[in-house]
file final_11.pdb (PDB, C-alpha atoms)
ATOM      1  CA  MET A   1      99.538 116.800 100.282
ATOM      2  CA  ALA A   2      96.073 115.279 100.842
ATOM      3  CA  ILE A   3      92.548 116.321 101.724
ATOM      4  CA  ILE A   4      91.451 114.317 104.767
ATOM      5  CA  LEU A   5      87.915 114.170 106.125
ATOM      6  CA  VAL A   6      87.918 113.962 109.937
ATOM      7  CA  VAL A   7      84.647 112.983 111.621
ATOM      8  CA  ASP A   8      84.579 112.801 115.417
ATOM      9  CA  ASP A   9      82.009 114.129 117.872
ATOM     10  CA  ASP A  10      84.653 114.630 120.572
ATOM     11  CA  ARG A  11      85.949 118.179 120.109
ATOM     12  CA  LEU A  12      89.300 117.449 121.787
ATOM     13  CA  VAL A  13      89.995 114.446 119.567
ATOM     14  CA  ARG A  14      88.796 116.289 116.466
ATOM     15  CA  ASN A  15      90.993 119.313 117.228
ATOM     16  CA  THR A  16      93.985 117.067 117.952
ATOM     17  CA  LEU A  17      93.507 115.313 114.609
ATOM     18  CA  ILE A  18      93.131 118.627 112.785
ATOM     19  CA  GLY A  19      96.295 119.982 114.353
ATOM     20  CA  ILE A  20      98.522 116.979 113.739
ATOM     21  CA  LEU A  21      97.298 116.436 110.177
ATOM     22  CA  GLU A  22      97.633 120.107 109.233
ATOM     23  CA  LEU A  23     101.123 120.220 110.781
ATOM     24  CA  ASN A  24     101.996 117.394 108.424
ATOM     25  CA  GLY A  25     100.826 119.334 105.388
ATOM     26  CA  HIS A  26      97.321 117.973 104.904
ATOM     27  CA  THR A  27      94.093 119.872 104.398
ATOM     28  CA  VAL A  28      91.453 118.768 106.907
ATOM     29  CA  LEU A  29      87.689 118.857 106.490
ATOM     30  CA  PRO A  30      86.397 118.518 110.080
ATOM     31  CA  PHE A  31      82.894 117.404 111.060
ATOM     32  CA  GLU A  32      81.413 116.380 114.389
ATOM     33  CA  ASP A  33      78.979 113.939 112.755
ATOM     34  CA  ALA A  34      78.861 111.953 109.536
ATOM     35  CA  ARG A  35      75.416 113.052 108.338
ATOM     36  CA  PRO A  36      76.431 116.624 107.438
ATOM     37  CA  ALA A  37      79.674 115.344 105.977
ATOM     38  CA  LEU A  38      77.733 113.072 103.629
ATOM     39  CA  ASP A  39      75.632 116.032 102.503
ATOM     40  CA  GLU A  40      78.348 118.679 102.214
ATOM     41  CA  VAL A  41      81.607 117.024 101.138
ATOM     42  CA  ASP A  42      82.712 116.494  97.551
ATOM     43  CA  PHE A  43      84.217 113.058  98.088
ATOM     44  CA  SER A  44      85.942 113.129  94.710
ATOM     45  CA  THR A  45      88.500 115.442  96.349
ATOM     46  CA  VAL A  46      88.964 113.414  99.551
ATOM     47  CA  SER A  47      92.007 111.137  99.841
ATOM     48  CA  LEU A  48      91.212 109.639 103.240
ATOM     49  CA  VAL A  49      88.506 109.496 105.907
ATOM     50  CA  VAL A  50      89.358 109.344 109.615
ATOM     51  CA  SER A  51      86.212 108.654 111.626
ATOM     52  CA  ASP A  52      85.150 107.831 115.145
ATOM     53  CA  LEU A  53      83.036 104.711 115.581
ATOM     54  CA  GLN A  54      80.625 105.950 118.247
ATOM     55  CA  MET A  55      78.855 109.094 117.088
ATOM     56  CA  PRO A  56      75.243 110.116 116.445
ATOM     57  CA  MET A  57      75.656 108.386 113.044
ATOM     58  CA  PRO A  58      77.934 105.483 113.969
ATOM     59  CA  GLY A  59      81.136 105.056 111.996
ATOM     60  CA  ASP A  60      80.088 101.674 110.615
ATOM     61  CA  GLU A  61      76.841 103.179 109.285
ATOM     62  CA  PHE A  62      78.883 106.009 107.770
ATOM     63  CA  VAL A  63      81.119 103.532 105.961
ATOM     64  CA  LYS A  64      78.074 101.562 104.746
ATOM     65  CA  GLU A  65      76.590 104.766 103.339
ATOM     66  CA  LEU A  66      79.861 105.635 101.595
ATOM     67  CA  LYS A  67      79.886 102.197  99.965
ATOM     68  CA  GLN A  68      76.211 102.467  98.953
ATOM     69  CA  ARG A  69      76.976 105.773  97.252
ATOM     70  CA  GLY A  70      79.892 104.227  95.375
ATOM     71  CA  ILE A  71      82.460 106.284  97.272
ATOM     72  CA  ASP A  72      85.694 104.323  97.420
ATOM     73  CA  VAL A  73      88.020 106.167  99.780
ATOM     74  CA  PRO A  74      90.356 104.633 102.378
ATOM     75  CA  VAL A  75      88.964 104.771 105.919
ATOM     76  CA  ILE A  76      90.588 104.770 109.345
ATOM     77  CA  ILE A  77      88.175 104.109 112.211
ATOM     78  CA  LEU A  78      89.065 105.261 115.727
ATOM     79  CA  SER A  79      87.235 103.958 118.784
ATOM     80  CA  GLY A  80      87.483 103.821 122.529
ATOM     81  CA  ALA A  81      85.065 100.898 122.663
ATOM     82  CA  LEU A  82      86.197  98.236 120.233
ATOM     83  CA  ASP A  83      85.042  94.668 120.598
ATOM     84  CA  GLN A  84      85.390  91.707 118.269
ATOM     85  CA  ASP A  85      81.919  92.210 116.777
ATOM     86  CA  ASN A  86      82.785  95.824 115.851
ATOM     87  CA  ILE A  87      86.103  94.742 114.396
ATOM     88  CA  ASP A  88      84.446  91.998 112.336
ATOM     89  CA  ILE A  89      81.800  94.410 110.988
ATOM     90  CA  LEU A  90      84.391  97.056 110.117
ATOM     91  CA  ASN A  91      86.613  94.497 108.405
ATOM     92  CA  SER A  92      83.644  93.195 106.393
ATOM     93  CA  LEU A  93      83.015  96.784 105.250
ATOM     94  CA  GLY A  94      86.571  97.067 103.961
ATOM     95  CA  VAL A  95      87.857  99.552 106.536
ATOM     96  CA  GLN A  96      91.610  99.819 106.000
ATOM     97  CA  ARG A  97      92.635 100.577 109.602
ATOM     98  CA  ILE A  98      90.944 100.187 112.965
ATOM     99  CA  MET A  99      92.717 101.995 115.784
ATOM    100  CA  PRO A 100      91.811 101.984 119.468
ATOM    101  CA  LYS A 101      91.584 105.218 121.431
ATOM    102  CA  PRO A 102      93.787 106.460 122.880
ATOM    103  CA  PHE A 103      96.045 106.146 119.864
ATOM    104  CA  LYS A 104      99.649 107.156 119.367
ATOM    105  CA  LEU A 105      99.940 110.109 117.015
ATOM    106  CA  VAL A 106     102.965 108.589 115.292
ATOM    107  CA  GLU A 107     100.984 105.410 114.545
ATOM    108  CA  LEU A 108      98.109 107.429 113.165
ATOM    109  CA  LEU A 109     100.463 109.438 110.941
ATOM    110  CA  GLU A 110     102.088 106.240 109.687
ATOM    111  CA  ALA A 111      98.666 104.849 108.761
ATOM    112  CA  VAL A 112      97.672 108.118 107.076
ATOM    113  CA  GLU A 113     100.842 108.226 104.987
ATOM    114  CA  GLU A 114     100.472 104.576 104.010
ATOM    115  CA  LEU A 115      96.845 104.969 102.925
ATOM    116  CA  ILE A 116      97.178 108.176 100.945
TER     117      ILE A 116
END
call {"tool": "encode", "arguments": {"input": "final_11.pdb", "output": "C-alpha cells"}}
result
Amino acid sequence: MAIILVVDDDRLVRNTLIGILELNGHTVLPFEDARPALDEVDFSTVSLVVSDLQMPMPGDEFVKELKQRGIDVPVIILSGALDQDNIDILNSLGVQRIMPKPFKLVELLEAVEELI
C-alpha cells in the first residue's frame, strides 16, 4: 500500500492513526512534531502526510516548509480548533483535506484512499 507520514503531538491521536492506517495495510512513519520529520524523512517515499494543526511547529508552517523544499505530497490536516482564518490559510497552501477533530475514522480512511 502506501507510506504515510503521521505528525501529531497528541499520543492518543497519533497511536489511533497508526493503528487504523496499519490495519488498512499502510506503513506509518509517526512523529510527534514536524521539525524532526522534516530532518529525518525521505519524502520521495511518502505518499501522504496526515498532520495536526496545533503542534510545537504548527501544521500550516509545516506545509509551508514542505512547499519551500519543493516537496509535493498530498496533505490532510486535522485540528480541534479550526476557524475560518485557519481554513483559508490551509486552502491557500494547497492542503487537500482539512478535517475537524474529533473525526470519524471511516471519513479519514476515505480521504486517505482518495488521496493516495
call {"tool": "resolve_selection", "arguments": {"input": "final_11.pdb", "expression": "the PyMOL selection byres ((chain A and resi 80) around 9)", "output": "MDAnalysis selection string"}}
result
chainID A and resid 52:54 78:79 81:82 99:102
call {"tool": "resolve_selection", "arguments": {"input": "final_11.pdb", "expression": "the PyMOL selection byres ((chain A and resi 6) around 10)", "output": "PDB file with C-alpha atoms, in the frame of the given file"}}
result
ATOM      1  CA  ILE A   3      92.548 116.321 101.724  1.00  0.00           C
ATOM      2  CA  ILE A   4      91.451 114.317 104.767  1.00  0.00           C
ATOM      3  CA  LEU A   5      87.915 114.170 106.125  1.00  0.00           C
ATOM      4  CA  VAL A   7      84.647 112.983 111.621  1.00  0.00           C
ATOM      5  CA  ASP A   8      84.579 112.801 115.417  1.00  0.00           C
ATOM      6  CA  ASP A   9      82.009 114.129 117.872  1.00  0.00           C
ATOM      7  CA  VAL A  13      89.995 114.446 119.567  1.00  0.00           C
ATOM      8  CA  ARG A  14      88.796 116.289 116.466  1.00  0.00           C
ATOM      9  CA  ASN A  15      90.993 119.313 117.228  1.00  0.00           C
ATOM     10  CA  LEU A  17      93.507 115.313 114.609  1.00  0.00           C
ATOM     11  CA  ILE A  18      93.131 118.627 112.785  1.00  0.00           C
ATOM     12  CA  LEU A  21      97.298 116.436 110.177  1.00  0.00           C
ATOM     13  CA  VAL A  28      91.453 118.768 106.907  1.00  0.00           C
ATOM     14  CA  LEU A  29      87.689 118.857 106.490  1.00  0.00           C
ATOM     15  CA  PRO A  30      86.397 118.518 110.080  1.00  0.00           C
ATOM     16  CA  PHE A  31      82.894 117.404 111.060  1.00  0.00           C
ATOM     17  CA  GLU A  32      81.413 116.380 114.389  1.00  0.00           C
ATOM     18  CA  ASP A  33      78.979 113.939 112.755  1.00  0.00           C
ATOM     19  CA  ALA A  34      78.861 111.953 109.536  1.00  0.00           C
ATOM     20  CA  ALA A  37      79.674 115.344 105.977  1.00  0.00           C
ATOM     21  CA  LEU A  48      91.212 109.639 103.240  1.00  0.00           C
ATOM     22  CA  VAL A  49      88.506 109.496 105.907  1.00  0.00           C
ATOM     23  CA  VAL A  50      89.358 109.344 109.615  1.00  0.00           C
ATOM     24  CA  SER A  51      86.212 108.654 111.626  1.00  0.00           C
ATOM     25  CA  ASP A  52      85.150 107.831 115.145  1.00  0.00           C
ATOM     26  CA  ILE A  76      90.588 104.770 109.345  1.00  0.00           C
TER      27      ILE A  76
END
call {"tool": "residues_around", "arguments": {"input": "final_11.pdb", "residues": "Gln96 in chain A", "least_positions_apart": "3", "cutoff": "8 Å", "atoms": "only C-alpha atoms", "output": "PyMOL selection string"}}
result
chain A and resi 74-76+91+115
call {"tool": "resolve_selection", "arguments": {"input": "final_11.pdb", "expression": "the PyMOL selection byres ((chain A and resi 109) around 12)", "output": "list of chain:residue names"}}
result
A:Ile4, A:Leu17, A:Ile18, A:Gly19, A:Ile20, A:Leu21, A:Glu22, A:Leu23, A:Asn24, A:Gly25, A:His26, A:Val50, A:Ile76, A:Arg97, A:Met99, A:Phe103, A:Lys104, A:Leu105, A:Val106, A:Glu107, A:Leu108, A:Glu110, A:Ala111, A:Val112, A:Glu113, A:Glu114, A:Leu115, A:Ile116
call {"tool": "closest_residue", "arguments": {"input": "final_11.pdb", "among": "A:Thr27, A:Thr16, A:Ser44, A:Gln84", "to": "Arg69 in chain A", "atoms": "all atoms listed in the file"}}
result
A:Ser44
call {"tool": "atom_distance", "arguments": {"input": "final_11.pdb", "atom1": "CA of Ser47 in chain A", "atom2": "CA of Ile71 in chain A"}}
result
11.0 Å
call {"tool": "atom_distance", "arguments": {"input": "final_11.pdb", "atom1": "CA of Glu61 in chain A", "atom2": "CA of Pro36 in chain A"}}
result
13.6 Å
call {"tool": "atom_distance", "arguments": {"input": "final_11.pdb", "atom1": "CA of Asp83 in chain A", "atom2": "CA of Leu12 in chain A"}}
result
23.2 Å
call {"tool": "residues_around", "arguments": {"input": "final_11.pdb", "residues": "Lys67 in chain A", "least_positions_apart": "5", "cutoff": "12 Å", "atoms": "only C-alpha atoms", "output": "list in words"}}
result
Leu38, Phe43, Asp60, Glu61, Phe62, Asp72, Val73, Pro74, Val75, Ser92, Leu93, Gly94 and Val95 of chain A
